[in-house]
file model-v2.txt (compact mmCIF, C-alpha atoms)
# COMPACT_ATOMS: atom_id res chain seq x y z
CA MET X 19 55.85 2.90 95.62
CA MET X 20 53.19 1.82 93.10
CA ALA X 21 53.21 2.87 89.53
CA ALA X 22 50.26 4.92 88.29
CA ALA X 23 47.51 2.78 86.85
CA ARG X 24 47.25 3.06 83.09
CA SER X 25 44.07 2.81 81.10
CA ARG X 26 43.65 -0.48 79.28
CA LEU X 27 41.13 0.99 76.84
CA PRO X 28 43.69 1.65 74.05
CA TYR X 29 44.84 -1.99 74.19
CA PHE X 30 41.27 -3.29 73.96
CA LEU X 31 40.49 -0.96 71.05
CA ALA X 32 43.63 -2.08 69.20
CA ILE X 33 42.84 -5.76 69.74
CA THR X 34 39.26 -5.21 68.56
CA ALA X 35 40.46 -3.38 65.42
CA LEU X 36 42.99 -6.13 64.62
CA GLY X 37 40.33 -8.79 65.20
CA GLY X 38 37.90 -7.01 62.89
CA THR X 39 40.56 -6.60 60.21
CA GLY X 40 41.51 -10.26 60.53
CA TYR X 41 37.87 -11.31 60.23
CA TYR X 42 37.36 -9.38 56.98
CA PHE X 43 40.66 -10.65 55.50
CA TYR X 44 39.67 -14.21 56.38
CA ARG X 45 36.18 -13.81 54.83
CA ALA X 46 37.69 -12.29 51.68
CA GLY X 47 40.22 -15.11 51.31
CA GLY X 48 43.17 -12.82 52.08
CA SER X 49 42.29 -10.22 49.43
CA ALA X 50 42.60 -6.65 50.68
CA LYS X 51 40.13 -5.35 48.08
CA GLY X 52 37.60 -8.08 48.93
CA ALA X 53 37.96 -7.34 52.64
CA GLU X 54 37.35 -3.64 51.99
CA ASN X 55 34.26 -4.36 49.87
CA ARG X 56 32.91 -6.75 52.49
CA ALA X 57 33.47 -4.20 55.29
CA GLU X 58 31.70 -1.48 53.27
CA ALA X 59 28.76 -3.81 52.58
CA ASP X 60 28.46 -4.60 56.29
CA LEU X 61 28.73 -0.90 57.14
CA HIS X 62 25.87 -0.05 54.74
CA LYS X 63 23.79 -2.89 56.14
CA ALA X 64 24.35 -1.67 59.72
CA SER X 65 23.53 1.90 58.67
CA ALA X 66 20.26 0.72 57.10
CA ASN X 67 19.37 -1.15 60.30
CA ILE X 68 20.04 1.96 62.36
CA ARG X 69 17.74 3.98 60.10
CA LYS X 70 15.04 1.32 60.46
CA GLY X 71 15.45 1.55 64.21
CA THR X 72 14.92 5.30 64.16
CA ASP X 73 11.89 4.81 61.89
CA ALA X 74 10.52 2.32 64.39
CA GLN X 75 11.11 4.80 67.20
CA GLY X 76 9.23 7.45 65.22
CA ALA X 77 6.38 5.02 64.57
CA GLY X 78 6.32 4.15 68.26
CA ALA X 79 6.20 7.83 69.17
CA ARG X 80 3.35 8.43 66.69
CA ALA X 81 1.44 5.42 68.04
CA GLY X 82 1.99 6.65 71.59
CA ALA X 83 0.69 10.09 70.66
CA LYS X 84 -2.41 8.57 69.03
CA PHE X 85 -2.99 6.43 72.13
CA ASP X 86 -2.63 9.45 74.42
CA SER X 87 -5.04 11.40 72.22
CA ALA X 88 -7.58 8.57 72.30
CA ILE X 89 -7.31 8.31 76.10
CA SER X 90 -7.76 12.07 76.42
CA GLU X 91 -10.84 12.03 74.17
CA ALA X 92 -12.33 9.08 76.07
CA ASN X 93 -11.73 10.91 79.34
CA LYS X 94 -13.50 14.02 78.00
CA GLN X 95 -16.47 11.94 76.85
CA TYR X 96 -16.60 10.15 80.20
CA HIS X 97 -16.78 13.45 82.08
CA HIS X 98 -19.43 14.75 79.66
CA VAL X 99 -21.57 11.64 80.19
CA GLU X 100 -21.01 11.84 83.94
CA ASP X 101 -22.22 15.46 83.97
CA GLU X 102 -25.26 14.52 81.88
CA LEU X 103 -26.11 11.68 84.26
CA LYS X 104 -25.82 14.00 87.25
CA SER X 105 -28.12 16.48 85.54
CA LEU X 106 -30.62 13.75 84.70
CA GLY X 107 -30.41 12.48 88.27
CA HIS X 108 -31.24 15.93 89.66
CA ASP X 109 -34.15 16.27 87.20
CA ALA X 110 -35.45 12.80 88.08
CA LYS X 111 -35.17 13.51 91.80
CA ALA X 112 -37.13 16.75 91.39
CA ARG X 113 -39.84 14.95 89.39
CA ILE X 114 -40.03 12.14 91.95
CA ASN X 115 -40.48 14.73 94.72
CA GLU X 116 -43.29 16.40 92.74
CA VAL X 117 -45.04 13.08 92.19
CA ASP X 118 -44.54 12.15 95.85
CA LYS X 119 -46.10 15.43 97.01
CA ALA X 120 -49.04 14.93 94.64
CA ILE X 121 -49.58 11.38 95.91
CA GLU X 122 -49.40 12.54 99.54
CA ALA X 123 -51.96 15.26 98.82
CA ASP X 124 -54.29 12.75 97.16
CA VAL X 125 -53.83 10.29 100.04
CA SER X 126 -54.64 12.95 102.64
CA LYS X 127 -57.79 13.93 100.68
CA ALA X 128 -58.82 10.31 100.47
CA LYS X 129 -58.25 9.85 104.22
CA SER X 130 -60.34 12.88 105.07
CA LYS X 131 -63.20 11.69 102.83
CA ALA X 132 -63.06 8.17 104.26
CA SER X 133 -63.07 9.39 107.84
CA SER X 134 -66.01 11.69 107.11
CA TRP X 135 -67.98 8.71 105.73
CA TRP X 136 -67.47 6.70 108.90
CA GLY X 137 -67.81 9.50 111.31
CA GLY X 138 -64.17 9.81 112.21
CA SER X 139 -64.31 13.56 111.92
CA LYS X 140 -65.02 15.38 115.16
CA SER X 141 -66.20 18.60 113.71
CA SER X 142 -68.96 20.35 115.57
CA SER X 143 -71.97 21.39 113.55
call {"tool": "encode", "arguments": {"input": "model-v2.txt", "output": "C-alpha cells"}}
result
Amino acid sequence: MMAAARSRLPYFLAITALGGTGYYFYRAGGSAKGAENRAEADLHKASANIRKGTDAQGAGARAGAKFDSAISEANKQYHHVEDELKSLGHDAKARINEVDKAIEADVSKAKSKASSWWGGSKSSS
C-alpha cells in the first residue's frame, strides 16, 4: 500500500524563508539589526514599486477611456457627415432632374422649330 502524498509546499516555503534570511544576514555582514534594516528598506522599495504599478494602471485606464471617448466622438461626427452627404446627394439629384427636364423641354422646342423651318411638320392647313 502507498502512503498518502504530502504537500511539499511547506518545505519550499521554509527553504525560501531561510534563504531570504541568509541573504539579508550576508548583506548585513552577519548583523541582525543591519539585516532587519536592509529587509525593511527593500520592503518599502517594493511597496513603492507596487504603488507606481497601480498608478500606471490607473493612467492606462484613463488613457483608454479618453481613447474610447475620442473614437465615439469621431464615429458620431462620421455618421453626421454621412447623413449630410446623403442629404446633399438627394438635393443634387433633384436639381439635376429639374435641369434635365428643362433641357429636354428646350431641346424639343428647338426640334419643333427646326422641323417647321424645313418643312418636316406634316400639319394640314
call {"tool": "atom_distance", "arguments": {"input": "model-v2.txt", "atom1": "CA of Gly107 in chain X", "atom2": "CA of Ile121 in chain X"}}
result
20.7 Å
call {"tool": "closest_residue", "arguments": {"input": "model-v2.txt", "among": "X:Asp101, X:Tyr42, X:Lys70, X:Asp118", "to": "Ala57 in chain X", "atoms": "only C-alpha atoms"}}
result
X:Tyr42
call {"tool": "atom_distance", "arguments": {"input": "model-v2.txt", "atom1": "CA of Val117 in chain X", "atom2": "CA of Ser133 in chain X"}}
result
24.2 Å
call {"tool": "closest_residue", "arguments": {"input": "model-v2.txt", "among": "X:Asn93, X:Ser65, X:Thr34, X:Thr39", "to": "Ala53 in chain X", "atoms": "only C-alpha atoms"}}
result
X:Thr39
call {"tool": "atom_distance", "arguments": {"input": "model-v2.txt", "atom1": "CA of Ala46 in chain X", "atom2": "CA of Leu61 in chain X"}}
result
15.5 Å
